[in-house]
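Data from structure28.txt: compact mmCIF, C-alpha atoms (C1' of nucleotides)
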# COMPACT_ATOMS: atom_id res chain seq x y z
CA MET A 6 -146.95 12.55 12.55
CA SER A 7 -144.86 9.71 14.02
CA LYS A 8 -141.53 9.32 12.29
CA ILE A 9 -139.85 6.00 11.75
CA ARG A 10 -137.69 5.41 14.77
CA THR A 11 -134.09 5.10 13.71
CA GLU A 12 -131.44 4.48 16.31
CA LYS A 13 -127.95 5.88 15.80
CA ASN A 14 -128.26 7.32 12.30
CA ILE A 15 -129.72 4.20 10.71
CA ALA A 16 -131.38 5.21 7.45
CA PRO A 17 -135.17 4.81 7.45
CA LYS A 18 -134.86 2.62 4.38
CA THR A 19 -132.71 0.18 6.32
CA VAL A 20 -135.34 -0.10 9.00
CA ILE A 21 -138.02 -0.64 6.37
CA LEU A 22 -135.96 -3.37 4.72
CA GLU A 23 -135.46 -5.16 8.02
CA LYS A 24 -139.14 -5.16 8.88
CA ALA A 25 -140.03 -6.14 5.33
CA ALA A 26 -137.68 -9.12 5.45
CA GLY A 27 -139.32 -10.27 8.67
CA LEU A 28 -142.80 -10.03 7.20
CA PHE A 29 -141.86 -11.60 3.86
CA LYS A 30 -140.30 -14.49 5.76
CA THR A 31 -143.35 -15.15 7.92
CA LYS A 32 -146.16 -14.45 5.47
CA GLY A 33 -144.50 -14.56 2.09
CA PHE A 34 -143.90 -11.62 -0.24
CA ALA A 35 -147.21 -11.74 -2.11
CA ALA A 36 -149.25 -12.17 1.07
CA THR A 37 -147.62 -9.18 2.79
CA SER A 38 -149.32 -5.83 2.21
CA MET A 39 -147.66 -2.46 2.29
CA ARG A 40 -150.28 -1.33 4.79
CA GLU A 41 -149.16 -4.12 7.09
CA LEU A 42 -145.53 -3.16 6.71
CA ALA A 43 -146.34 0.48 7.37
CA SER A 44 -148.41 -0.42 10.40
CA GLU A 45 -145.49 -2.37 11.89
CA LEU A 46 -143.37 0.73 11.45
CA GLY A 47 -145.97 2.98 13.04
CA ILE A 48 -146.69 5.03 9.92
CA GLU A 49 -149.29 5.13 7.15
CA ALA A 50 -148.74 3.18 3.93
CA PRO A 51 -148.26 6.17 1.59
CA SER A 52 -145.45 7.44 3.81
CA LEU A 53 -143.37 4.41 2.91
CA TYR A 54 -142.95 5.82 -0.58
CA ASN A 55 -140.91 8.72 0.70
CA HIS A 56 -138.17 6.19 1.40
CA ILE A 57 -138.63 3.44 -1.14
CA GLY A 58 -139.67 3.18 -4.77
CA SER A 59 -141.96 0.19 -4.68
CA LYS A 60 -142.79 -3.08 -2.97
CA ASP A 61 -140.88 -4.94 -5.69
CA GLU A 62 -137.80 -2.90 -4.93
CA LEU A 63 -137.74 -4.20 -1.36
CA LEU A 64 -137.61 -7.80 -2.54
CA GLN A 65 -134.95 -6.97 -5.11
CA GLU A 66 -132.68 -5.34 -2.58
CA ILE A 67 -132.99 -8.23 -0.16
CA CYS A 68 -132.37 -10.91 -2.79
CA PHE A 69 -129.39 -9.26 -4.42
CA LYS A 70 -127.75 -8.19 -1.19
CA VAL A 71 -127.74 -11.80 -0.04
CA ALA A 72 -126.65 -13.19 -3.41
CA ASN A 73 -123.76 -10.73 -3.61
CA SER A 74 -122.52 -11.64 -0.13
CA PHE A 75 -122.34 -15.31 -1.02
CA ILE A 76 -120.68 -14.66 -4.37
CA LEU A 77 -118.10 -12.34 -2.84
CA HIS A 78 -117.16 -14.95 -0.26
CA LEU A 79 -117.01 -17.74 -2.83
CA THR A 80 -114.57 -15.69 -4.90
CA LYS A 81 -112.35 -15.17 -1.85
CA VAL A 82 -112.36 -18.87 -1.05
CA GLU A 83 -111.59 -19.90 -4.62
CA ASN A 84 -108.45 -17.78 -4.51
CA LEU A 85 -107.14 -19.23 -1.26
CA ASP A 86 -104.12 -21.52 -1.23
CA GLN A 87 -105.81 -24.35 0.64
CA SER A 88 -106.97 -27.92 0.11
CA ILE A 89 -110.32 -28.38 -1.60
CA ILE A 90 -111.76 -30.01 1.49
CA ARG A 91 -110.78 -26.95 3.50
CA LYS A 92 -112.35 -24.67 0.90
CA VAL A 93 -115.62 -26.58 0.94
CA GLU A 94 -115.54 -26.50 4.71
CA LEU A 95 -115.08 -22.73 4.67
CA LEU A 96 -118.04 -22.36 2.31
CA ILE A 97 -120.23 -24.47 4.57
CA ARG A 98 -119.21 -22.46 7.61
CA PHE A 99 -119.91 -19.19 5.82
CA HIS A 100 -123.38 -20.35 4.83
CA ILE A 101 -124.12 -21.23 8.42
CA LYS A 102 -122.84 -17.91 9.76
CA MET A 103 -124.67 -15.85 7.12
CA THR A 104 -127.89 -17.73 7.73
CA LEU A 105 -127.77 -17.37 11.51
CA GLU A 106 -126.71 -13.71 11.41
CA ASN A 107 -129.05 -12.55 8.65
CA PHE A 108 -131.80 -15.02 9.13
CA ASP A 109 -134.74 -13.13 7.65
CA GLU A 110 -132.88 -11.87 4.59
CA VAL A 111 -131.35 -15.23 3.74
CA PHE A 112 -134.69 -16.94 4.23
CA VAL A 113 -136.45 -14.47 1.96
CA ALA A 114 -133.71 -14.66 -0.67
CA ASN A 115 -134.06 -18.44 -0.68
CA HIS A 116 -137.84 -18.66 -0.70
CA GLU A 117 -139.26 -15.54 -2.28
CA TRP A 118 -136.96 -14.83 -5.24
CA ARG A 119 -139.61 -16.41 -7.47
CA ASN A 120 -141.67 -13.26 -6.86
CA LEU A 121 -139.06 -11.02 -8.48
CA GLN A 122 -140.15 -9.22 -11.64
CA GLU A 123 -138.16 -9.41 -14.86
CA PRO A 124 -135.39 -8.67 -15.52
CA TYR A 125 -134.50 -9.28 -11.88
CA LEU A 126 -135.97 -12.76 -11.83
CA LYS A 127 -133.72 -13.88 -14.66
CA LYS A 128 -130.71 -12.06 -13.24
CA ASN A 129 -131.16 -13.68 -9.85
CA LEU A 130 -131.57 -17.13 -11.36
CA THR A 131 -128.36 -16.62 -13.33
CA LEU A 132 -126.48 -15.64 -10.18
CA ARG A 133 -127.76 -18.74 -8.37
CA ARG A 134 -126.89 -21.10 -11.19
CA ASN A 135 -123.48 -19.56 -11.55
CA TYR A 136 -122.82 -20.04 -7.84
CA GLU A 137 -123.88 -23.67 -8.13
CA LYS A 138 -121.63 -24.24 -11.12
CA ARG A 139 -118.61 -22.84 -9.34
CA LEU A 140 -119.27 -25.12 -6.37
CA VAL A 141 -119.58 -28.07 -8.75
CA SER A 142 -116.21 -27.16 -10.29
CA LEU A 143 -114.63 -26.97 -6.88
CA ILE A 144 -115.91 -30.42 -5.96
CA GLN A 145 -114.89 -31.81 -9.36
CA ASN A 146 -111.45 -30.44 -8.63
CA GLY A 147 -111.46 -32.20 -5.26
CA ILE A 148 -112.36 -35.50 -6.88
CA GLU A 149 -109.51 -35.17 -9.37
CA LYS A 150 -107.11 -34.46 -6.51
CA LYS A 151 -108.44 -37.57 -4.74
CA GLU A 152 -109.60 -35.51 -1.80
CA PHE A 153 -113.16 -36.63 -2.43
CA SER A 154 -114.44 -40.05 -3.41
CA LYS A 155 -115.82 -40.60 -6.91
CA ILE A 156 -119.16 -38.99 -6.27
CA ASN A 157 -121.26 -37.12 -8.80
CA PRO A 158 -120.11 -33.51 -8.31
CA GLN A 159 -123.45 -32.03 -9.32
CA VAL A 160 -125.38 -34.18 -6.89
CA ALA A 161 -122.84 -33.42 -4.18
CA ALA A 162 -123.01 -29.67 -4.73
CA LEU A 163 -126.79 -29.49 -4.75
CA THR A 164 -127.08 -31.82 -1.77
CA ILE A 165 -124.74 -29.64 0.25
CA LEU A 166 -126.53 -26.42 -0.70
CA ALA A 167 -129.90 -27.93 0.10
CA ALA A 168 -128.68 -29.44 3.35
CA LEU A 169 -127.61 -26.00 4.52
CA ARG A 170 -131.23 -24.96 4.31
CA SER A 171 -131.75 -27.10 7.40
CA LEU A 172 -130.56 -24.04 9.29
CA GLU A 173 -133.93 -22.51 8.62
CA PHE A 174 -135.44 -25.02 10.98
CA TRP A 175 -132.92 -24.33 13.69
CA GLN A 176 -134.24 -21.06 15.01
CA ARG A 177 -136.63 -22.79 17.34
CA HIS A 178 -133.94 -25.08 18.73
CA LYS A 179 -131.34 -22.38 19.14
CA LYS A 180 -131.08 -22.70 22.89
CA ASN A 181 -130.30 -26.41 22.77
CA ILE A 182 -127.08 -26.13 20.81
CA SER A 183 -124.29 -23.59 20.38
CA GLU A 184 -123.48 -22.12 17.00
CA LYS A 185 -120.00 -23.63 17.12
CA THR A 186 -121.30 -27.12 17.78
CA LEU A 187 -123.96 -26.76 15.13
CA GLU A 188 -121.34 -25.67 12.60
CA ASP A 189 -118.95 -28.49 13.44
CA THR A 190 -121.70 -31.09 13.39
CA ILE A 191 -123.04 -30.05 10.01
CA VAL A 192 -119.58 -29.79 8.48
CA HIS A 193 -118.69 -33.25 9.77
CA GLN A 194 -121.93 -34.79 8.61
CA LEU A 195 -121.77 -33.37 5.10
CA LEU A 196 -118.13 -34.31 4.65
CA ASN A 197 -118.01 -37.63 6.49
CA GLY A 198 -121.59 -38.91 6.55
CA ILE A 199 -123.27 -40.47 9.54
CA ILE A 200 -122.31 -44.13 9.38
CA GLN A 201 -120.04 -45.48 12.08
CA MET B 22 -169.79 -23.80 -22.50
CA SER B 23 -166.46 -25.67 -22.54
CA LYS B 24 -166.29 -28.35 -19.88
CA ILE B 25 -163.13 -29.30 -18.07
CA ARG B 26 -161.54 -32.05 -20.09
CA THR B 27 -161.26 -35.17 -17.98
CA GLU B 28 -159.69 -38.25 -19.50
CA LYS B 29 -160.88 -41.66 -18.37
CA ASN B 30 -163.28 -40.71 -15.60
CA ILE B 31 -160.87 -38.45 -13.75
CA ALA B 32 -162.87 -36.19 -11.46
CA PRO B 33 -162.82 -32.50 -12.45
CA LYS B 34 -161.57 -31.68 -8.98
CA THR B 35 -158.52 -33.85 -9.56
CA VAL B 36 -157.71 -31.96 -12.73
CA ILE B 37 -158.16 -28.66 -10.91
CA LEU B 38 -155.85 -29.79 -8.11
CA GLU B 39 -153.17 -30.80 -10.58
CA LYS B 40 -153.22 -27.50 -12.43
CA ALA B 41 -153.37 -25.61 -9.15
CA ALA B 42 -150.29 -27.42 -7.87
CA GLY B 43 -148.42 -26.47 -11.02
CA LEU B 44 -149.35 -22.81 -10.71
CA PHE B 45 -148.72 -22.62 -6.96
CA LYS B 46 -145.29 -24.14 -7.56
CA THR B 47 -144.31 -21.66 -10.26
CA LYS B 48 -145.90 -18.47 -8.98
CA GLY B 49 -146.61 -19.20 -5.33
CA PHE B 50 -150.04 -19.63 -3.74
CA ALA B 51 -150.74 -15.99 -2.94
CA ALA B 52 -149.60 -14.77 -6.35
CA THR B 53 -151.82 -17.23 -8.22
CA SER B 54 -155.33 -15.99 -8.99
CA MET B 55 -158.39 -18.16 -9.43
CA ARG B 56 -158.97 -16.44 -12.77
CA GLU B 57 -155.57 -17.63 -13.89
CA LEU B 58 -156.29 -21.17 -12.75
CA ALA B 59 -159.66 -21.15 -14.50
CA SER B 60 -158.11 -19.79 -17.67
CA GLU B 61 -155.58 -22.64 -17.76
CA LEU B 62 -158.48 -25.06 -17.50
CA GLY B 63 -160.40 -23.33 -20.27
CA ILE B 64 -163.29 -22.17 -18.09
CA GLU B 65 -164.38 -18.99 -16.29
CA ALA B 66 -163.40 -18.40 -12.68
CA PRO B 67 -166.88 -18.75 -11.12
CA SER B 68 -167.23 -22.20 -12.68
CA LEU B 69 -164.42 -23.47 -10.48
CA TYR B 70 -166.72 -23.20 -7.51
CA ASN B 71 -168.96 -25.95 -8.82
CA HIS B 72 -166.12 -28.34 -8.06
CA ILE B 73 -164.25 -26.81 -5.15
CA GLY B 74 -165.11 -24.88 -2.03
CA SER B 75 -162.41 -22.24 -2.02
CA LYS B 76 -158.87 -21.36 -3.02
CA ASP B 77 -157.72 -22.19 0.50
CA GLU B 78 -159.20 -25.66 0.18
CA LEU B 79 -156.93 -26.40 -2.79
CA LEU B 80 -153.83 -25.66 -0.77
CA GLN B 81 -155.12 -27.68 2.17
CA GLU B 82 -155.76 -30.76 0.06
CA ILE B 83 -152.34 -30.61 -1.54
CA CYS B 84 -150.46 -30.11 1.72
CA PHE B 85 -152.26 -32.80 3.70
CA LYS B 86 -152.25 -35.36 0.91
CA VAL B 87 -148.46 -35.08 0.73
CA ALA B 88 -148.01 -35.06 4.50
CA ASN B 89 -150.15 -38.15 4.91
CA SER B 90 -148.21 -40.06 2.27
CA PHE B 91 -144.94 -39.44 4.06
CA ILE B 92 -146.37 -40.28 7.47
CA LEU B 93 -147.94 -43.50 6.22
CA HIS B 94 -144.63 -44.61 4.74
CA LEU B 95 -142.69 -43.69 7.87
CA THR B 96 -145.03 -45.81 9.96
CA LYS B 97 -144.49 -48.77 7.65
CA VAL B 98 -140.72 -48.39 7.81
CA GLU B 99 -140.69 -48.07 11.59
CA ASN B 100 -142.42 -51.43 11.87
CA LEU B 101 -140.02 -53.27 9.59
CA ASP B 102 -137.56 -55.78 10.99
CA GLN B 103 -134.47 -54.22 9.47
CA SER B 104 -131.31 -52.41 10.54
CA ILE B 105 -131.65 -48.71 11.27
CA ILE B 106 -129.32 -47.87 8.41
CA ARG B 107 -131.59 -49.78 6.07
CA LYS B 108 -134.64 -47.98 7.46
CA VAL B 109 -133.07 -44.56 6.95
CA GLU B 110 -132.06 -45.61 3.47
CA LEU B 111 -135.65 -46.64 2.70
CA LEU B 112 -136.91 -43.28 3.94
CA ILE B 113 -134.44 -41.42 1.76
CA ARG B 114 -135.41 -43.48 -1.26
CA PHE B 115 -139.09 -42.88 -0.63
CA HIS B 116 -138.56 -39.12 -0.41
CA ILE B 117 -136.76 -39.18 -3.73
CA LYS B 118 -139.45 -41.27 -5.44
CA MET B 119 -142.29 -39.18 -4.01
CA THR B 120 -140.61 -35.96 -5.04
CA LEU B 121 -139.87 -37.08 -8.57
CA GLU B 122 -143.31 -38.65 -9.11
CA ASN B 123 -145.39 -35.91 -7.50
CA PHE B 124 -143.12 -33.02 -8.11
CA ASP B 125 -145.59 -30.13 -8.06
CA GLU B 126 -147.52 -31.34 -5.01
CA VAL B 127 -144.41 -32.05 -2.95
CA PHE B 128 -142.92 -28.72 -3.93
CA VAL B 129 -146.08 -26.86 -2.95
CA ALA B 130 -146.41 -28.79 0.31
CA ASN B 131 -142.82 -27.85 1.16
CA HIS B 132 -142.93 -24.20 0.15
CA GLU B 133 -146.47 -22.94 0.43
CA TRP B 134 -147.80 -24.50 3.66
CA ARG B 135 -147.17 -21.16 5.35
CA ASN B 136 -150.16 -19.83 3.42
CA LEU B 137 -152.55 -22.27 5.10
CA GLN B 138 -155.22 -20.71 7.28
CA GLU B 139 -155.80 -21.77 10.87
CA PRO B 140 -156.47 -24.36 12.09
CA TYR B 141 -154.78 -26.04 9.14
CA LEU B 142 -151.57 -24.10 9.53
CA LYS B 143 -151.11 -25.36 13.07
CA LYS B 144 -152.19 -28.88 12.16
CA ASN B 145 -149.73 -29.06 9.31
CA LEU B 146 -146.89 -27.75 11.44
CA THR B 147 -147.67 -30.38 14.04
CA LEU B 148 -147.55 -33.14 11.43
CA ARG B 149 -144.19 -31.87 10.16
CA ARG B 150 -142.66 -31.61 13.61
CA ASN B 151 -143.96 -35.03 14.53
CA TYR B 152 -142.40 -36.53 11.41
CA GLU B 153 -139.09 -34.87 12.28
CA LYS B 154 -139.22 -36.18 15.84
CA ARG B 155 -139.79 -39.73 14.69
CA LEU B 156 -136.83 -39.49 12.32
CA VAL B 157 -134.71 -38.11 15.18
CA SER B 158 -135.75 -41.09 17.33
CA LEU B 159 -134.82 -43.49 14.58
CA ILE B 160 -131.38 -41.95 14.23
CA GLN B 161 -130.94 -41.84 18.01
CA ASN B 162 -131.74 -45.54 17.98
CA GLY B 163 -129.12 -46.11 15.29
CA ILE B 164 -126.50 -44.32 17.37
CA GLU B 165 -127.29 -46.47 20.39
CA LYS B 166 -126.95 -49.58 18.27
CA LYS B 167 -123.58 -48.28 17.03
CA GLU B 168 -124.81 -48.24 13.44
CA PHE B 169 -124.22 -44.49 13.30
CA SER B 170 -121.34 -42.50 14.71
CA LYS B 171 -121.92 -40.21 17.68
CA ILE B 172 -123.54 -37.44 15.72
CA ASN B 173 -126.23 -35.09 16.98
CA PRO B 174 -129.43 -36.87 15.95
CA GLN B 175 -131.43 -33.65 15.57
CA VAL B 176 -128.84 -32.08 13.31
CA ALA B 177 -128.59 -35.31 11.34
CA ALA B 178 -132.35 -35.59 10.87
CA LEU B 179 -132.84 -32.01 9.76
CA THR B 180 -129.80 -32.12 7.51
CA ILE B 181 -131.11 -35.22 5.75
CA LEU B 182 -134.59 -33.77 5.32
CA ALA B 183 -133.20 -30.50 4.01
CA ALA B 184 -130.74 -32.25 1.71
CA LEU B 185 -133.61 -34.11 0.08
CA ARG B 186 -134.95 -30.76 -1.03
CA SER B 187 -132.07 -30.71 -3.49
CA LEU B 188 -134.36 -32.79 -5.69
CA GLU B 189 -136.28 -29.64 -6.40
CA PHE B 190 -133.33 -28.40 -8.39
CA TRP B 191 -133.04 -31.59 -10.36
CA GLN B 192 -135.91 -31.16 -12.76
CA ARG B 193 -133.78 -29.20 -15.16
CA HIS B 194 -130.97 -31.76 -15.09
CA LYS B 195 -133.24 -34.78 -15.42
CA LYS B 196 -131.81 -35.87 -18.73
CA ASN B 197 -128.26 -36.04 -17.47
CA ILE B 198 -128.81 -38.66 -14.82
CA SER B 199 -131.12 -41.63 -14.26
CA GLU B 200 -133.42 -41.78 -11.26
CA LYS B 201 -131.66 -44.90 -10.02
CA THR B 202 -128.24 -43.28 -10.12
CA LEU B 203 -129.56 -40.13 -8.50
CA GLU B 204 -131.11 -42.16 -5.69
CA ASP B 205 -127.98 -44.23 -5.08
CA THR B 206 -125.75 -41.19 -5.18
CA ILE B 207 -127.80 -39.22 -2.69
CA VAL B 208 -128.20 -42.19 -0.35
CA HIS B 209 -124.47 -42.81 -0.43
CA GLN B 210 -123.58 -39.18 0.10
CA LEU B 211 -125.91 -38.68 3.06
CA LEU B 212 -124.84 -41.90 4.75
CA ASN B 213 -121.13 -41.95 3.89
CA GLY B 214 -120.19 -38.34 3.16
CA ILE B 215 -117.98 -37.24 0.30
CA ILE B 216 -114.48 -37.53 1.63
CA GLN B 217 -112.24 -40.19 0.10
C1' DC C 21 -171.13 -24.15 -17.43
C1' DC C 22 -171.97 -18.89 -18.11
C1' DT C 23 -172.73 -13.50 -17.35
C1' DA C 24 -173.11 -9.98 -14.21
C1' DC C 25 -171.58 -8.27 -10.31
C1' DC C 26 -170.22 -7.55 -5.19
C1' DG C 27 -167.39 -5.80 -1.32
C1' DA C 28 -162.72 -5.88 0.06
C1' DT C 29 -158.19 -5.00 -0.57
C1' DC C 30 -154.27 -4.10 -3.18
C1' DG C 31 -149.99 -0.91 -4.67
C1' DG C 32 -149.41 3.51 -5.40
C1' DT C 33 -150.25 8.91 -6.45
C1' DA C 34 -151.70 13.79 -5.60
C1' DG C 35 -151.32 17.37 -2.91
C1' DG C 36 -150.26 19.60 1.15
C1' DC D 3 -145.27 12.65 7.59
C1' DC D 4 -150.53 12.80 6.65
C1' DT D 5 -155.53 12.47 4.35
C1' DA D 6 -158.01 11.51 0.44
C1' DC D 7 -158.39 8.81 -3.17
C1' DC D 8 -157.50 6.11 -7.70
C1' DG D 9 -157.84 2.13 -10.91
C1' DA D 10 -157.00 -2.64 -10.83
C1' DT D 11 -157.65 -6.95 -9.18
C1' DC D 12 -158.93 -10.17 -5.85
C1' DG D 13 -162.05 -14.39 -4.04
C1' DG D 14 -166.44 -15.46 -4.33
C1' DT D 15 -171.95 -15.25 -4.95
C1' DA D 16 -176.50 -14.87 -7.36
C1' DG D 17 -179.13 -16.46 -10.65
C1' DG D 18 -179.98 -18.87 -14.64

Take the structure in the file and write it out as structure tokens.
Amino acid sequence: MSKIRTEKNIAPKTVILEKAAGLFKTKGFAATSMRELASELGIEAPSLYNHIGSKDELLQEICFKVANSFILHLTKVENLDQSIIRKVELLIRFHIKMTLENFDEVFVANHEWRNLQEPYLKKNLTLRRNYEKRLVSLIQNGIEKKEFSKINPQVAALTILAALRSLEFWQRHKKNISEKTLEDTIVHQLLNGIIQ
Amino acid sequence: MSKIRTEKNIAPKTVILEKAAGLFKTKGFAATSMRELASELGIEAPSLYNHIGSKDELLQEICFKVANSFILHLTKVENLDQSIIRKVELLIRFHIKMTLENFDEVFVANHEWRNLQEPYLKKNLTLRRNYEKRLVSLIQNGIEKKEFSKINPQVAALTILAALRSLEFWQRHKKNISEKTLEDTIVHQLLNGIIQ
DNA sequence: CCTACCGATCGGTAGG
DNA sequence: CCTACCGATCGGTAGG
């Protein structure tokens, strides 16, 4: 009876994916039911399947969309003619922007990818590890060029990636600090530390 | 027929909690069934309920045990007569030790607390926010004493806490690096940054 | 500790 | 888009 409300030619599937990301973020993938998702969209559960293939498919699309965005940007940055420090800075800033602009999707991709079914689980893990390795190489490169101190590049890479997850906690403080300030502060802290 | 195997007077409930933490970590709380847990312990699902009250109870015990450990240690550190830098360093080192020594529990407490039922969900969130606030105060204190540069103490606190989650990725690299080196490297990176 | 079993809920299909 | 409904699985109880 009541169609999914789509503004300005947005495909119903897109609307479903958005709502799904929000629910998966708040309740977790496994704890979210298709009836709940349908209810939020104002339709009955079976109607969802006119637009999507399965619940698993929703998680797959969210996880791989996010992964591909990060990989695409990393490739661009690698090919820039810039200092390594600048490249790492650009990566950090991109993570922050992506996270703030696509909060639900990034959150779900980070927390719920474990619920992917094979072969997607393995594929996703490979993409993540590959991304990490390329960041490690970049940092290794920076150490060789004396831009970075003699840190352990693996520890540095994983620490930076994990630190960027702090953005997940920032939603509730959003009003207190501008995105620009937040970006600059995090970049400075990760590159320069906090000691006077 | 087959009892839960407990070595050296370990309570059956302890064994159940350990296995549960392992499963919740790998599959997530909602995606783990009590039949699966029972099967791993070599018993039938209904037998679990001779030792525990409910599935929810398992998650509660894990989350609050971990939270209380961190809070207890924070209180100790706050009362020490040491520099703020040293106090923050001690906190970082404790997080690393706790995470490496109680990997499954810490992982579950960090990732699955969203699956707690009220009033435990709210209680747990309060504990987490309170912990964060006390770390922010400590850092604020360090800025006032000129031990830290004029960073944003909230950003600094959340970045440090998030960065410590990088330990979750370190299980698979364990062989490559000693715990001592890992600790020193992370402490140095968070306090001093990575730039030469 | 088990077997037997319950009501509830799940993802998804059939058919219109 | 709906109603009607399916088999599977869930957390948990009864009773021994």

Please report, as JSON lines, each residue of chain C lying at most 10 Å from chain A, together with the nearest pair of atoms and the separation in Å rounded to one decimal; use only C-alpha atoms (C1' of nucleotides), and order rows by chain and ascending residue number.
{"residue": "C:DT29", "atom": "C1'", "partner": "A:Ser38", "partner_atom": "CA", "distance": 9.3}
{"residue": "C:DC30", "atom": "C1'", "partner": "A:Ser38", "partner_atom": "CA", "distance": 7.5}
{"residue": "C:DG31", "atom": "C1'", "partner": "A:Met39", "partner_atom": "CA", "distance": 7.5}
{"residue": "C:DG32", "atom": "C1'", "partner": "A:Pro51", "partner_atom": "CA", "distance": 7.6}
{"residue": "C:DT33", "atom": "C1'", "partner": "A:Pro51", "partner_atom": "CA", "distance": 8.7}

Exercise for the section: With a cut-off of 6 Å and counting all atoms listed in the file, select all residues of chain A in contact with chain B and give the selection as a PyMOL selection string. Expected result: chain A and resi 35-36+152-154+163-164+167-168+170-171+195-201

Handout entry: Interatomic distance (Å, one decimal) between CA of Asp205 in chain B and CA of Ile113 in chain B
Key =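 According to the coordinates, CA of Asp205 in chain B and CA of Ile113 in chain B are separated by 9.8 Å.
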
Problem - Nearby residues (only C-alpha atoms (C1' of nucleotides)) at most 8 Å from Trp134 in chain B, same-chain spacing under 6 positions excluded, as an MDAnalysis selection string - result: chainID B and resid 80 84 142 145

Exercise for the section: Figure out the distance between CA of Leu96 in chain A and CA of Glu184 in chain A, please, to one decimal in Å. Expected result: 15.7 Å

Practice task
Go ahead and compute the interatomic distance for CA of Leu79 in chain B and CA of Leu38 in chain B, in Å to one decimal.
Solution key: 6.4 Å

Problem - Contacts of range 85-99 of chain B at 9 Å (only C-alpha atoms (C1' of nucleotides); same-chain gap of 6+ positions) as a list of chain:residue names - result: B:Lys108, B:Val109, B:Leu111, B:Leu112, B:Phe115, B:His116, B:Met119, B:Asn123, B:Glu126, B:Val127, B:Ala130, B:Asn145, B:Leu148, B:Arg149, B:Tyr152, B:Arg155, B:Leu156, B:Leu159

Problem - Test item: residues at most 9 Å from Ser23 in chain B, all atoms listed in the file, excluding those fewer than 5 positions along its chain, as a PyMOL selection string - result: (chain B and resi 63-64) or (chain C and resi 21)

Practice task
Could you tell me which of B:Leu58, B:Ile105, B:Gln192, B:Lys144 comes closest to Gly43 in chain B if we count all atoms listed in the file?
Solution key: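 Closest to Gly43 in chain B, using all atoms listed in the file: B:Leu58.
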
Axis-aligned box for all listed atoms of range 7-18 of chain D, 4 Å per side, centre and edges in Å to one decimal, as JSON:
{"center_x": -168.5, "center_y": -5.0, "center_z": -8.9, "size_x": 31.0, "size_y": 35.7, "size_z": 19.5}
